[in-house]
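Chemist: Pasting my_file29.txt below, which is compact mmCIF, C-alpha atoms.
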```
# COMPACT_ATOMS: atom_id res chain seq x y z
CA MET E 1 24.64 11.36 12.37
CA ALA E 2 20.84 11.68 12.55
CA ASP E 3 18.23 11.79 9.81
CA SER E 4 15.09 13.89 10.23
CA ALA E 5 13.26 11.85 7.58
CA ASP E 6 13.52 8.33 8.96
CA LEU E 7 11.33 5.77 10.67
CA ARG E 8 12.46 6.96 14.10
CA SER E 9 11.43 10.57 13.50
CA TYR E 10 8.03 9.40 12.30
CA LEU E 11 7.53 7.16 15.35
CA ALA E 12 8.54 10.08 17.58
CA LEU E 13 5.87 12.21 15.87
CA LEU E 14 3.26 9.51 16.45
CA GLU E 15 4.26 9.25 20.11
CA LYS E 16 3.98 13.01 20.53
CA GLN E 17 0.47 12.92 19.08
CA GLY E 18 -0.65 10.00 21.24
CA GLU E 19 -0.80 7.66 18.23
CA LEU E 20 1.79 5.10 19.45
CA VAL E 21 1.96 2.49 22.19
CA HIS E 22 4.95 0.44 23.40
CA VAL E 23 4.67 -3.20 24.41
CA LYS E 24 7.30 -3.88 27.08
CA LYS E 25 6.37 -7.52 27.60
CA GLN E 26 8.40 -10.03 25.54
CA VAL E 27 6.38 -11.37 22.62
CA ASP E 28 6.86 -14.39 20.38
CA PRO E 29 7.24 -13.52 16.67
CA ARG E 30 5.33 -16.72 15.91
CA PHE E 31 1.63 -15.74 16.03
CA GLU E 32 1.66 -13.78 19.32
CA LEU E 33 2.97 -10.54 17.83
CA ALA E 34 0.46 -10.73 14.97
CA ALA E 35 -2.38 -11.39 17.40
CA VAL E 36 -1.57 -8.21 19.36
CA VAL E 37 -1.36 -6.12 16.17
CA SER E 38 -4.73 -7.48 15.03
CA LYS E 39 -6.28 -6.12 18.23
CA LEU E 40 -4.92 -2.66 17.36
CA ASP E 41 -6.39 -2.67 13.84
CA GLY E 42 -7.85 0.77 13.20
CA GLY E 43 -6.19 1.95 16.42
CA LYS E 44 -2.72 3.00 17.49
CA ALA E 45 0.67 2.14 16.03
CA VAL E 46 2.80 -0.16 18.17
CA VAL E 47 6.45 -0.86 18.94
CA PHE E 48 7.35 -4.20 20.52
CA ASP E 49 10.46 -3.49 22.59
CA ARG E 50 11.29 -7.14 23.32
CA VAL E 51 10.87 -9.87 20.74
CA ARG E 52 11.86 -13.45 21.53
CA SER E 53 15.10 -14.70 19.92
CA SER E 54 16.07 -11.26 18.57
CA LYS E 55 17.74 -8.11 19.87
CA ILE E 56 15.81 -5.99 17.38
CA SER E 57 12.48 -4.28 18.22
CA VAL E 58 9.48 -4.42 15.88
CA ALA E 59 7.16 -1.60 14.77
CA SER E 60 3.76 -2.31 13.22
CA ASN E 61 0.47 -0.63 12.25
CA ILE E 62 2.38 2.61 11.69
CA CYS E 63 0.22 3.60 8.70
CA GLY E 64 -2.88 1.78 9.88
CA THR E 65 -5.25 4.76 9.61
CA ALA E 66 -5.90 7.44 6.99
CA LYS E 67 -4.86 10.02 9.61
CA ARG E 68 -1.39 8.50 10.01
CA PHE E 69 -1.05 8.09 6.25
CA HIS E 70 -1.92 11.80 6.00
CA LEU E 71 0.81 12.60 8.54
CA ALA E 72 3.38 10.42 6.78
CA ILE E 73 3.26 12.33 3.49
CA GLY E 74 2.81 15.81 4.95
CA ALA E 75 -0.66 16.35 3.49
CA LYS E 76 -2.33 19.67 4.26
CA GLY E 77 -4.92 20.51 6.88
CA ARG E 78 -6.46 18.66 9.79
CA PRO E 79 -9.15 16.63 8.09
CA GLN E 80 -12.29 15.54 9.87
CA GLY E 81 -13.29 12.08 8.73
CA VAL E 82 -12.03 9.53 6.23
CA MET E 83 -13.07 11.27 3.00
CA GLU E 84 -11.53 14.62 3.98
CA ALA E 85 -8.28 12.82 4.80
CA LYS E 86 -8.36 10.91 1.53
CA LYS E 87 -8.99 14.04 -0.54
CA ALA E 88 -6.01 15.71 1.15
CA ILE E 89 -3.88 12.60 0.52
CA HIS E 90 -4.87 12.50 -3.17
CA ALA E 91 -4.01 16.20 -3.54
CA ARG E 92 -0.65 15.69 -1.83
CA MET E 93 0.21 12.73 -4.06
CA ALA E 94 -0.68 14.74 -7.17
CA GLU E 95 1.44 17.65 -5.96
CA ALA E 96 4.42 15.38 -5.28
CA LEU E 97 4.16 13.69 -8.68
CA GLY E 98 4.11 17.09 -10.33
CA ARG E 99 7.53 18.15 -9.01
CA LEU E 100 9.83 15.14 -8.81
CA SER E 101 13.40 15.80 -7.71
CA GLU E 102 16.57 13.78 -7.25
CA PRO E 103 17.39 12.76 -3.66
CA LYS E 104 20.67 13.82 -2.12
CA LYS E 105 23.54 11.33 -2.04
CA ALA E 106 25.12 10.35 1.28
CA ALA E 107 28.71 9.16 1.51
CA LYS E 108 27.69 6.44 3.95
CA GLY E 109 24.42 4.94 5.12
CA LEU E 110 23.35 4.89 8.75
CA PHE E 111 22.58 1.20 8.22
CA GLU E 112 26.31 0.42 7.96
CA GLN E 113 26.84 0.52 11.74
CA ASN E 114 26.49 -3.27 12.20
CA THR E 115 26.61 -6.40 10.03
CA SER E 116 25.34 -9.97 10.15
CA LYS E 117 25.33 -13.02 7.90
CA SER E 118 22.22 -14.72 9.30
CA LEU E 119 18.51 -14.11 8.72
CA GLY E 120 18.01 -15.67 12.14
CA ASP E 121 19.12 -12.38 13.69
CA LEU E 122 15.99 -10.65 12.36
CA PRO E 123 12.60 -10.87 14.13
CA ILE E 124 10.80 -12.14 11.03
CA VAL E 125 7.16 -12.77 11.92
CA THR E 126 4.91 -15.78 11.36
CA HIS E 127 1.43 -14.28 11.07
CA PHE E 128 -1.20 -16.95 10.35
CA GLU E 129 -1.61 -20.63 11.16
CA LYS E 130 -1.46 -21.94 7.57
CA ASP E 131 1.20 -19.55 6.20
CA ALA E 132 4.19 -21.23 4.55
CA GLY E 133 6.38 -19.83 7.34
CA ALA E 134 7.83 -16.55 8.60
CA PHE E 135 7.50 -13.65 6.12
CA ALA E 136 9.17 -10.26 5.80
CA THR E 137 6.25 -8.08 4.71
CA ALA E 138 7.58 -4.49 4.76
CA SER E 139 10.61 -5.21 2.58
CA ILE E 140 11.41 -2.80 -0.26
CA VAL E 141 13.54 -4.34 -2.99
CA PHE E 142 15.96 -2.15 -4.97
CA ALA E 143 17.29 -3.45 -8.28
CA LYS E 144 18.94 -2.01 -11.36
CA ASP E 145 17.12 -2.45 -14.64
CA GLN E 146 20.03 -3.60 -16.81
CA GLU E 147 18.01 -3.04 -19.97
CA LYS E 148 17.05 0.58 -19.21
CA GLY E 149 19.82 1.53 -16.79
CA ASN E 150 17.49 3.00 -14.15
CA GLN E 151 16.73 1.67 -10.66
CA ASN E 152 13.42 0.19 -9.54
CA SER E 153 12.07 -0.07 -6.00
CA SER E 154 8.98 -2.03 -4.99
CA THR E 155 7.59 -3.90 -1.98
CA HIS E 156 7.69 -7.70 -1.98
CA ARG E 157 7.01 -10.40 0.59
CA LEU E 158 9.86 -12.80 1.39
CA LEU E 159 9.51 -16.23 3.00
CA ARG E 160 12.44 -17.21 5.21
CA LEU E 161 13.70 -20.67 4.21
CA ASP E 162 16.91 -20.89 6.24
CA GLU E 163 19.73 -18.66 7.53
CA ARG E 164 20.62 -17.42 4.03
CA HIS E 165 17.67 -17.98 1.72
CA MET E 166 14.20 -16.50 1.19
CA ALA E 167 11.56 -17.12 -1.47
CA ILE E 168 10.49 -13.81 -3.04
CA ARG E 169 7.05 -13.19 -4.52
CA MET E 170 7.22 -11.18 -7.76
CA VAL E 171 4.08 -10.38 -9.75
CA GLU E 172 4.67 -11.44 -13.33
CA GLY E 173 5.07 -8.50 -15.71
CA ARG E 174 5.78 -5.91 -13.02
CA HIS E 175 9.07 -4.02 -13.03
CA LEU E 176 11.14 -6.18 -10.66
CA HIS E 177 10.04 -9.33 -12.46
CA LYS E 178 11.15 -7.74 -15.75
CA CYS E 179 14.54 -6.95 -14.21
CA PHE E 180 14.83 -10.53 -12.98
CA THR E 181 13.82 -12.17 -16.27
CA TYR E 182 16.25 -9.96 -18.22
CA ALA E 183 19.11 -11.03 -15.93
CA ARG E 184 18.03 -14.69 -16.02
CA ASP E 185 17.75 -14.69 -19.82
CA HIS E 186 21.34 -13.43 -19.93
CA GLY E 187 22.48 -16.23 -17.62
CA GLU E 188 22.87 -14.01 -14.54
CA ASP E 189 21.50 -13.74 -11.02
CA LEU E 190 19.91 -10.38 -10.17
CA LYS E 191 21.75 -8.46 -7.44
CA VAL E 192 19.38 -6.61 -5.11
CA ALA E 193 19.31 -4.64 -1.88
CA ILE E 194 16.31 -4.94 0.45
CA ALA E 195 15.45 -2.16 2.92
CA ILE E 196 13.33 -2.82 6.00
CA GLY E 197 12.42 0.04 8.34
CA VAL E 198 12.19 3.30 6.37
CA HIS E 199 10.17 6.48 6.66
CA PRO E 200 6.64 5.50 5.55
CA ALA E 201 6.76 8.06 2.71
CA VAL E 202 9.35 5.76 1.11
CA SER E 203 7.04 2.75 1.51
CA ILE E 204 4.16 4.74 0.03
CA ALA E 205 6.25 5.79 -2.98
CA ALA E 206 7.37 2.19 -3.52
CA ALA E 207 3.71 1.08 -3.49
CA TYR E 208 2.69 3.70 -6.06
CA GLN E 209 2.34 2.03 -9.46
CA ALA E 210 4.55 4.52 -11.28
CA ALA E 211 5.00 4.47 -15.04
CA TYR E 212 7.63 2.03 -16.27
CA GLY E 213 11.06 3.61 -15.90
CA VAL E 214 10.12 6.15 -13.20
CA ASP E 215 12.36 5.89 -10.12
CA GLU E 216 10.04 5.67 -7.10
CA MET E 217 12.65 7.34 -4.90
CA LEU E 218 12.04 10.60 -6.78
CA ILE E 219 8.42 10.35 -5.60
CA ALA E 220 9.59 9.61 -2.04
CA ASN E 221 11.94 12.60 -2.10
CA SER E 222 9.13 14.88 -3.22
CA LEU E 223 6.82 13.57 -0.47
CA LEU E 224 9.62 14.27 2.02
CA GLU E 225 10.12 17.82 0.70
CA GLY E 226 13.61 17.02 -0.58
CA GLY E 227 14.63 15.41 2.70
CA LEU E 228 15.55 11.96 1.37
CA SER E 229 19.17 10.93 0.98
CA LEU E 230 20.41 7.74 -0.67
CA ALA E 231 23.55 5.73 0.02
CA ARG E 232 25.16 3.17 -2.29
CA THR E 233 25.38 -0.37 -0.94
CA GLY E 234 28.62 -2.30 -1.29
CA TYR E 235 27.56 -5.61 -2.80
CA ALA E 236 24.45 -4.80 -4.87
CA GLN E 237 25.61 -1.25 -5.72
CA ALA E 238 22.06 -0.07 -5.15
CA GLN E 239 21.01 3.39 -4.03
CA VAL E 240 18.87 2.88 -0.90
CA PRO E 241 17.61 5.32 1.75
CA SER E 242 20.58 6.16 3.95
CA HIS E 243 18.28 6.17 6.99
CA ALA E 244 17.08 2.56 6.50
CA GLU E 245 17.10 0.58 9.73
CA ILE E 246 18.06 -2.73 8.07
CA VAL E 247 19.45 -3.52 4.61
CA LEU E 248 19.82 -7.02 3.18
CA GLU E 249 22.07 -7.53 0.15
CA GLY E 250 22.25 -10.56 -2.06
CA ARG E 251 21.00 -11.96 -5.33
CA ILE E 252 17.83 -13.48 -6.73
CA LEU E 253 19.04 -16.79 -8.11
CA LYS E 254 18.37 -17.43 -11.78
CA ASP E 255 17.94 -21.21 -11.41
CA ARG E 256 16.28 -21.89 -8.05
CA THR E 257 12.64 -21.69 -6.97
CA HIS E 258 10.65 -22.62 -3.88
CA GLU E 259 6.93 -22.95 -3.19
CA GLU E 260 5.40 -20.16 -1.11
CA TRP E 261 1.99 -18.81 -0.06
CA MET E 262 0.60 -16.51 2.60
CA VAL E 263 -2.45 -14.48 3.57
CA GLU E 264 -3.11 -11.57 1.22
CA MET E 265 -5.23 -8.40 1.25
CA LEU E 266 -8.57 -10.21 1.33
CA ARG E 267 -7.39 -12.08 4.44
CA THR E 268 -7.58 -15.32 2.47
CA TYR E 269 -4.60 -17.51 1.61
CA ASP E 270 -2.92 -16.82 -1.69
CA PHE E 271 -2.51 -19.98 -3.77
CA LYS E 272 0.77 -21.87 -3.84
CA ARG E 273 3.37 -20.87 -6.43
CA LYS E 274 6.97 -21.67 -7.24
CA GLN E 275 8.85 -18.40 -6.76
CA PRO E 276 12.53 -17.40 -7.21
CA VAL E 277 14.90 -17.63 -4.25
CA PHE E 278 16.93 -14.76 -2.78
CA GLU E 279 20.36 -15.69 -1.42
CA LEU E 280 21.77 -13.45 1.31
CA GLU E 281 25.25 -11.97 1.09
CA LYS E 282 25.07 -9.78 4.21
CA ILE E 283 22.79 -7.81 6.51
CA SER E 284 23.62 -4.26 7.58
CA PHE E 285 21.71 -2.53 10.36
CA ARG E 286 21.69 0.55 12.58
CA ASN E 287 22.42 0.65 16.28
CA GLY E 288 19.14 -0.03 18.06
CA ALA E 289 17.56 -1.13 14.78
CA ILE E 290 13.77 -1.19 14.40
CA TYR E 291 12.23 -3.86 12.17
CA HIS E 292 8.96 -2.94 10.42
CA ASP E 293 6.32 -5.64 10.06
CA ILE E 294 3.01 -5.26 8.22
CA LEU E 295 0.18 -7.59 9.26
CA PRO E 296 -1.22 -8.98 5.98
CA GLY E 297 -4.90 -8.33 5.25
CA TYR E 298 -5.28 -5.71 7.99
CA ALA E 299 -5.57 -1.93 7.74
CA GLU E 300 -1.89 -1.00 7.34
CA HIS E 301 -1.43 -3.48 4.50
CA ARG E 302 -4.62 -2.42 2.74
CA LEU E 303 -3.98 1.32 3.09
CA LEU E 304 -0.35 1.15 1.96
CA MET E 305 -1.46 -0.73 -1.15
CA GLY E 306 -4.77 1.00 -1.73
CA LEU E 307 -4.30 4.70 -1.01
CA PRO E 308 -1.53 5.31 -3.59
CA VAL E 309 -3.66 3.48 -6.18
CA GLU E 310 -6.68 5.54 -5.13
CA ALA E 311 -4.72 8.72 -5.86
CA LYS E 312 -3.77 7.37 -9.28
CA MET E 313 -7.40 6.40 -9.99
CA TYR E 314 -8.69 9.81 -8.93
CA ASP E 315 -6.38 11.61 -11.37
CA TYR E 316 -7.28 9.24 -14.19
CA VAL E 317 -11.04 9.31 -13.65
CA LYS E 318 -11.04 13.10 -13.23
CA SER E 319 -9.26 13.46 -16.58
CA VAL E 320 -12.21 11.63 -18.17
CA VAL E 321 -15.01 13.10 -16.00
CA PRO E 322 -13.79 16.53 -14.80
CA THR E 323 -16.52 16.85 -12.15
CA THR E 324 -15.22 13.80 -10.23
CA GLN E 325 -15.25 14.69 -6.53
CA ALA E 326 -13.69 11.61 -4.90
CA VAL E 327 -12.57 8.02 -5.39
CA HIS E 328 -12.85 5.62 -2.45
CA LEU E 329 -11.53 2.04 -2.40
CA THR E 330 -13.87 0.47 0.13
CA ASP E 331 -13.07 -1.48 3.28
CA GLY E 332 -15.54 -4.16 2.14
CA GLY E 333 -13.47 -4.62 -1.01
CA SER E 334 -10.29 -4.81 1.11
CA ASN E 335 -9.29 -1.38 -0.28
CA TRP E 336 -8.48 -3.10 -3.58
CA LEU E 337 -11.35 -4.80 -5.41
CA ALA E 338 -14.26 -2.35 -4.99
CA ALA E 339 -14.44 1.42 -5.48
CA VAL E 340 -17.04 4.14 -5.08
CA ILE E 341 -16.67 7.20 -7.33
CA GLN E 342 -18.42 10.45 -6.45
CA ILE E 343 -19.23 12.84 -9.31
CA LYS E 344 -21.26 15.98 -9.89
CA LYS E 345 -23.28 14.62 -12.77
CA ARG E 346 -23.88 16.83 -15.81
CA LEU E 347 -24.68 14.33 -18.57
CA GLU E 348 -26.34 10.91 -18.59
CA GLY E 349 -23.31 9.04 -19.98
CA GLU E 350 -20.74 10.35 -17.51
CA PRO E 351 -21.11 7.63 -14.84
CA LYS E 352 -20.36 4.88 -17.36
CA ASN E 353 -17.31 6.81 -18.59
CA ALA E 354 -16.14 7.09 -14.98
CA ILE E 355 -16.62 3.34 -14.51
CA MET E 356 -14.52 2.47 -17.57
CA ALA E 357 -11.81 4.95 -16.55
CA ALA E 358 -11.62 3.40 -13.08
CA PHE E 359 -11.17 -0.10 -14.51
CA ALA E 360 -8.45 1.19 -16.85
CA ALA E 361 -6.59 2.98 -14.05
CA HIS E 362 -6.68 0.00 -11.66
CA PRO E 363 -6.81 -3.32 -13.55
CA SER E 364 -7.34 -5.31 -10.33
CA LEU E 365 -10.60 -3.45 -9.64
CA LYS E 366 -13.62 -5.74 -9.76
CA MET E 367 -16.55 -3.46 -8.90
CA ALA E 368 -17.04 0.29 -9.44
CA THR E 369 -20.08 2.20 -8.20
CA VAL E 370 -20.73 5.83 -9.20
CA VAL E 371 -22.76 8.07 -6.87
CA ASP E 372 -23.92 11.68 -6.83
CA ASP E 373 -22.20 14.42 -4.87
CA ASP E 374 -24.78 14.26 -2.06
CA ILE E 375 -23.77 10.65 -1.25
CA ASP E 376 -20.77 10.03 1.02
CA PRO E 377 -18.68 7.38 -0.79
CA SER E 378 -17.19 6.16 2.49
CA ASP E 379 -20.66 5.49 3.99
CA ALA E 380 -21.66 1.98 2.93
CA VAL E 381 -25.29 2.55 3.97
CA ALA E 382 -25.51 5.74 1.90
CA VAL E 383 -24.02 3.95 -1.13
CA GLU E 384 -26.49 1.07 -0.77
CA TYR E 385 -29.29 3.65 -0.47
CA ALA E 386 -28.15 5.20 -3.77
CA ILE E 387 -28.14 1.81 -5.49
CA ALA E 388 -31.57 1.00 -4.07
CA SER E 389 -33.24 4.34 -4.89
CA ARG E 390 -31.42 5.73 -7.95
CA CYS E 391 -30.49 2.67 -9.98
CA GLN E 392 -32.27 0.29 -12.37
CA ALA E 393 -30.28 -2.89 -13.00
CA ASP E 394 -31.32 -3.32 -16.64
CA ARG E 395 -29.96 0.08 -17.67
CA ASP E 396 -27.45 0.98 -14.95
CA PHE E 397 -25.40 -2.20 -14.52
CA VAL E 398 -22.32 -2.66 -16.72
CA ILE E 399 -21.03 -6.25 -16.82
CA LEU E 400 -17.64 -7.03 -18.35
CA PRO E 401 -16.92 -10.77 -18.53
CA ASN E 402 -13.46 -12.28 -19.04
CA ALA E 403 -11.61 -9.09 -18.08
CA LYS E 404 -8.15 -8.94 -16.52
CA GLY E 405 -8.55 -9.10 -12.76
CA SER E 406 -6.68 -9.74 -9.55
CA SER E 407 -5.11 -13.03 -8.54
CA LEU E 408 -6.14 -12.20 -4.96
CA ASP E 409 -9.85 -12.79 -5.65
CA PRO E 410 -10.57 -16.45 -4.78
CA SER E 411 -13.76 -16.42 -6.90
CA SER E 412 -11.84 -15.51 -10.08
CA ASP E 413 -9.75 -17.52 -12.53
CA GLN E 414 -6.58 -16.89 -10.51
CA VAL E 415 -4.25 -18.68 -12.90
CA ASN E 416 -5.28 -16.75 -16.03
CA LEU E 417 -6.14 -13.54 -14.09
CA LEU E 418 -9.68 -13.43 -15.52
CA THR E 419 -12.73 -12.07 -13.75
CA THR E 420 -16.14 -10.56 -14.45
CA LYS E 421 -16.29 -6.87 -13.59
CA LEU E 422 -19.36 -4.95 -12.50
CA GLY E 423 -20.01 -1.24 -12.87
CA ILE E 424 -23.03 0.35 -11.19
CA ASP E 425 -24.43 3.74 -12.12
CA ALA E 426 -26.13 4.71 -8.86
CA THR E 427 -26.64 8.35 -9.82
CA ALA E 428 -30.04 9.95 -10.15
CA THR E 429 -31.24 10.16 -13.74
CA LEU E 430 -31.35 13.62 -15.27
CA LEU E 431 -34.54 12.67 -17.12
CA LYS E 432 -36.58 13.23 -13.95
CA PRO E 433 -36.74 16.38 -11.81
CA ARG E 434 -33.92 16.50 -9.25
CA ASP E 435 -36.34 17.04 -6.36
CA HIS E 436 -37.62 13.47 -6.89
CA PHE E 437 -34.29 12.29 -5.47
CA GLU E 438 -33.65 15.05 -2.92
CA ILE E 439 -32.86 13.78 0.56
CA ALA E 440 -35.03 15.73 2.99
CA LYS E 441 -33.35 18.01 5.55
CA ILE E 442 -34.47 19.51 8.85
CA PRO E 443 -33.31 23.14 9.27
CA GLY E 444 -30.91 23.47 12.20
CA GLN E 445 -30.49 19.71 12.61
CA GLU E 446 -26.68 19.73 12.33
CA LYS E 447 -26.33 22.35 15.07
CA THR E 448 -28.81 20.74 17.40
CA LYS E 449 -27.21 18.90 20.36
CA LEU E 450 -29.33 16.27 22.05
CA ASP E 451 -27.60 16.92 25.40
CA ASP E 452 -29.31 20.33 25.48
CA TYR E 453 -32.69 18.66 25.53
CA VAL E 454 -32.42 15.22 27.12
```
Using structure tokens, write down the structure from this file.

Modeler:
Amino acid sequence: MADSADLRSYLALLEKQGELVHVKKQVDPRFELAAVVSKLDGGKAVVFDRVRSSKISVASNICGTAKRFHLAIGAKGRPQGVMEAKKAIHARMAEALGRLSEPKKAAKGLFEQNTSKSLGDLPIVTHFEKDAGAFATASIVFAKDQEKGNQNSSTHRLLRLDERHMAIRMVEGRHLHKCFTYARDHGEDLKVAIAIGVHPAVSIAAAYQAAYGVDEMLIANSLLEGGLSLARTGYAQAQVPSHAEIVLEGRILKDRTHEEWMVEMLRTYDFKRKQPVFELEKISFRNGAIYHDILPGYAEHRLLMGLPVEAKMYDYVKSVVPTTQAVHLTDGGSNWLAAVIQIKKRLEGEPKNAIMAAFAAHPSLKMATVVDDDIDPSDAVAVEYAIASRCQADRDFVILPNAKGSSLDPSSDQVNLLTTKLGIDATATLLKPRDHFEIAKIPGQEKTKLDDYV
């Protein structure tokens, strides 16, 4: 039985479009594999056919560019440039969220072809020299919310401790942590299923910060045009994508923790925390299974986290400032902490409203800059030009001290999640004639080709 909406079909599409390379040479999952992926950052996706001490191949960087993200969710058009791709992605996300539908149910998952009892059979990667150990980074955790009765799915890193145990990082207050604390407070472990190696649309849906109680697999099914099917696992009784390459089942123990830390989106080490421990019951996997690894702090990690949040921010900001043209989480802010918002300004107060809306939509955001519609938000030089030529710090800077921020920012109060936020209105004032800020143009410049003259 085949599945047209699985990781394999997506990799085949990338190969057809010249977006994928295979590494035939055997690589070590300790540092060597990560080093190769780092060299491909911003470039092609990769499959490592031979990984030391495992019979399972590894795919990485599969959503490492906006173009491949665009392909993964079936966004429209053939965009030229980052901002065109992002606008198409935002539109596709909004469309999918507007028509959620239940996935089909499969009698049996493709992942049930083989079983194992040991985490040592998986090519779990050690990425950086000071990481706590080998981490699963593309692992989607499925758990039932016993209080509400619905299922939650979200991506979490897991540190391998031994053949049967992994420390799992859960952000306090998020949905999986709520499921866990409810079970723990009732004296129970939390049964979970963990999928590794799914169609990237499933990973994107799991990364979207949906409203509490919304099943992310409905979003995934919409992104896949109704092509997602779910199969019930035996131990955890979770509904997971039937096409998943690898599924781990077990429980998050109510009374055991272990210290863990690793590199996060800013490519700095997260601080050490005691986190709950997952205990493995069994591993199920497909014939010829493909393990997905995401290199922390590099493009695939940042885009998978940032682009779904960008889409959410765009909708929110546009509801407050209807002439919003684009929202761009910048590379300099690791696609998480800094955003540029492009608007077609009509009133003097609109940029500040857009700034406040952006902070409300994405609480981890630290800096928001608003620019006019003649400034490309993805062009850092153009944005700096707007700040330099259209902004006065005494009237156009908004400073919000002691606001809720991101634990990833090493300059913040990471324990209490407090930071100082900065909003910058870099739009031209309407109190002066517009031609004072007009960027001069040369007629015919865009069509002129230097090769015709030099």

Chemist: Which residue out of E:Val398, E:Ile168, E:Leu159, E:Leu295 has the minimum interatomic distance to Ala45 (chain E) when only C-alpha atoms are used?

Modeler: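 The shortest atom-to-atom distance to Ala45 (chain E) comes from E:Leu295.
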
Chemist: Here is a test: counting all atoms listed in the file, which residue of E:Ile73, E:Ala5, E:Val51, E:Leu158 is nearest to Ala244 (chain E)?

Modeler: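 Selected residue with least distance to Ala244 (chain E): E:Ala5.
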
Chemist: Which neighbours of Ala34 (chain E) fall inside 8 Å, counting all atoms listed in the file, when residues of the same chain fewer than 4 positions from it are skipped, and could you give them as a ChimeraX atom specification?

Modeler: /E:29-30,38,125-128,295

Chemist: Show which residues sit within 8 Å of region 314-322 of chain E, as a PDB file with C-alpha atoms, in the frame of the given file. Count all atoms listed in the file, and ignore same-chain residues fewer than 3 positions away.

Modeler:
```pdb
ATOM      1  CA  HIS E  90      -4.870  12.500  -3.170  1.00  0.00           C
ATOM      2  CA  ALA E  94      -0.680  14.740  -7.170  1.00  0.00           C
ATOM      3  CA  GLU E 310      -6.680   5.540  -5.130  1.00  0.00           C
ATOM      4  CA  ALA E 311      -4.720   8.720  -5.860  1.00  0.00           C
ATOM      5  CA  ALA E 326     -13.690  11.610  -4.900  1.00  0.00           C
ATOM      6  CA  VAL E 327     -12.570   8.020  -5.390  1.00  0.00           C
ATOM      7  CA  ILE E 343     -19.230  12.840  -9.310  1.00  0.00           C
ATOM      8  CA  GLU E 350     -20.740  10.350 -17.510  1.00  0.00           C
ATOM      9  CA  ASN E 353     -17.310   6.810 -18.590  1.00  0.00           C
ATOM     10  CA  ALA E 354     -16.140   7.090 -14.980  1.00  0.00           C
ATOM     11  CA  ALA E 357     -11.810   4.950 -16.550  1.00  0.00           C
ATOM     12  CA  ALA E 358     -11.620   3.400 -13.080  1.00  0.00           C
ATOM     13  CA  ALA E 361      -6.590   2.980 -14.050  1.00  0.00           C
TER      14      ALA E 361
END
```

Chemist: Please indicate the distance in Å from CA of Glu112 (chain E) to CA of Leu20 (chain E), rounded to one decimal place.

Modeler: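 Result for CA of Glu112 (chain E) versus CA of Leu20 (chain E): 27.5 Å, one decimal.
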
Chemist: Considering all atoms listed in the file, can you say which of E:Ile290, E:Val202, E:Ala440, E:Leu11 comes closest to Arg50 (chain E)?

Modeler: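 Between E:Ile290, E:Val202, E:Ala440, E:Leu11, the residue approaching Arg50 (chain E) most closely is E:Ile290.
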
Chemist: So which one's closest to Met367 (chain E), E:Trp336, E:Phe69, E:Tyr10, E:Phe142? Using all atoms listed in the file, please.

Modeler: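 Closest to Met367 (chain E) of all the choices is E:Trp336.
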
Chemist: Edge lengths and centre in Å to one decimal, as AutoDock Vina command-line options, of the axis-aligned box that encloses all listed atoms of region 424-439 of chain E with 5 Å added on every side?

Modeler:
```
--center_x -30.3 --center_y 8.7 --center_z -8.3 --size_x 24.6 --size_y 26.7 --size_z 27.7
```

Chemist: Mind listing as a PyMOL selection string all residues within 10 Å of (-2.0, -25.0, 16.4), counting only C-alpha atoms?

Modeler: chain E and resi 31+129-130

Chemist: Step by step: start from the point (16.6, -12.3, -17.8) in the file's coordinates, keep every protein, DNA or RNA residue that has an atom no farther than 12 Å from it, count only C-alpha atoms, and write the set as a list of chain:residue names.

Modeler: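 The distance filter leaves exactly E:Asp145, E:Gln146, E:Glu147, E:Leu176, E:His177, E:Lys178, E:Cys179, E:Phe180, E:Thr181, E:Tyr182, E:Ala183, E:Arg184, E:Asp185, E:His186, E:Gly187, E:Glu188, E:Asp189, E:Leu190, E:Ile252, E:Leu253, E:Lys254, E:Asp255.
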
Chemist: Find, counting only C-alpha atoms, the residue in E:Arg302, E:Lys39, E:Arg157, E:His292 that gets nearest to Gly133 (chain E).

Modeler: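 Using only C-alpha atoms, Gly133 (chain E) sits closest to E:Arg157.
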
Chemist: Just the number, please: distance in Å from CA of Ser284 (chain E) to CA of Gln113 (chain E), one decimal.

Modeler: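 Interatomic distance here is 7.1 Å.
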
Chemist: As an exercise, work out the distance from CA of Met356 (chain E) to CA of Ile204 (chain E) in Å and give it to one decimal place.

Modeler: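 Atom-to-atom, CA of Met356 (chain E) and CA of Ile204 (chain E) are spaced 25.8 Å apart.
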
Chemist: Which residue gives the smallest distance to Ala85 (chain E) among E:His328, E:Val371, E:Arg164, E:Phe135, with only C-alpha atoms counted?

Modeler: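 Distance minimum relative to Ala85 (chain E) lands on E:His328.
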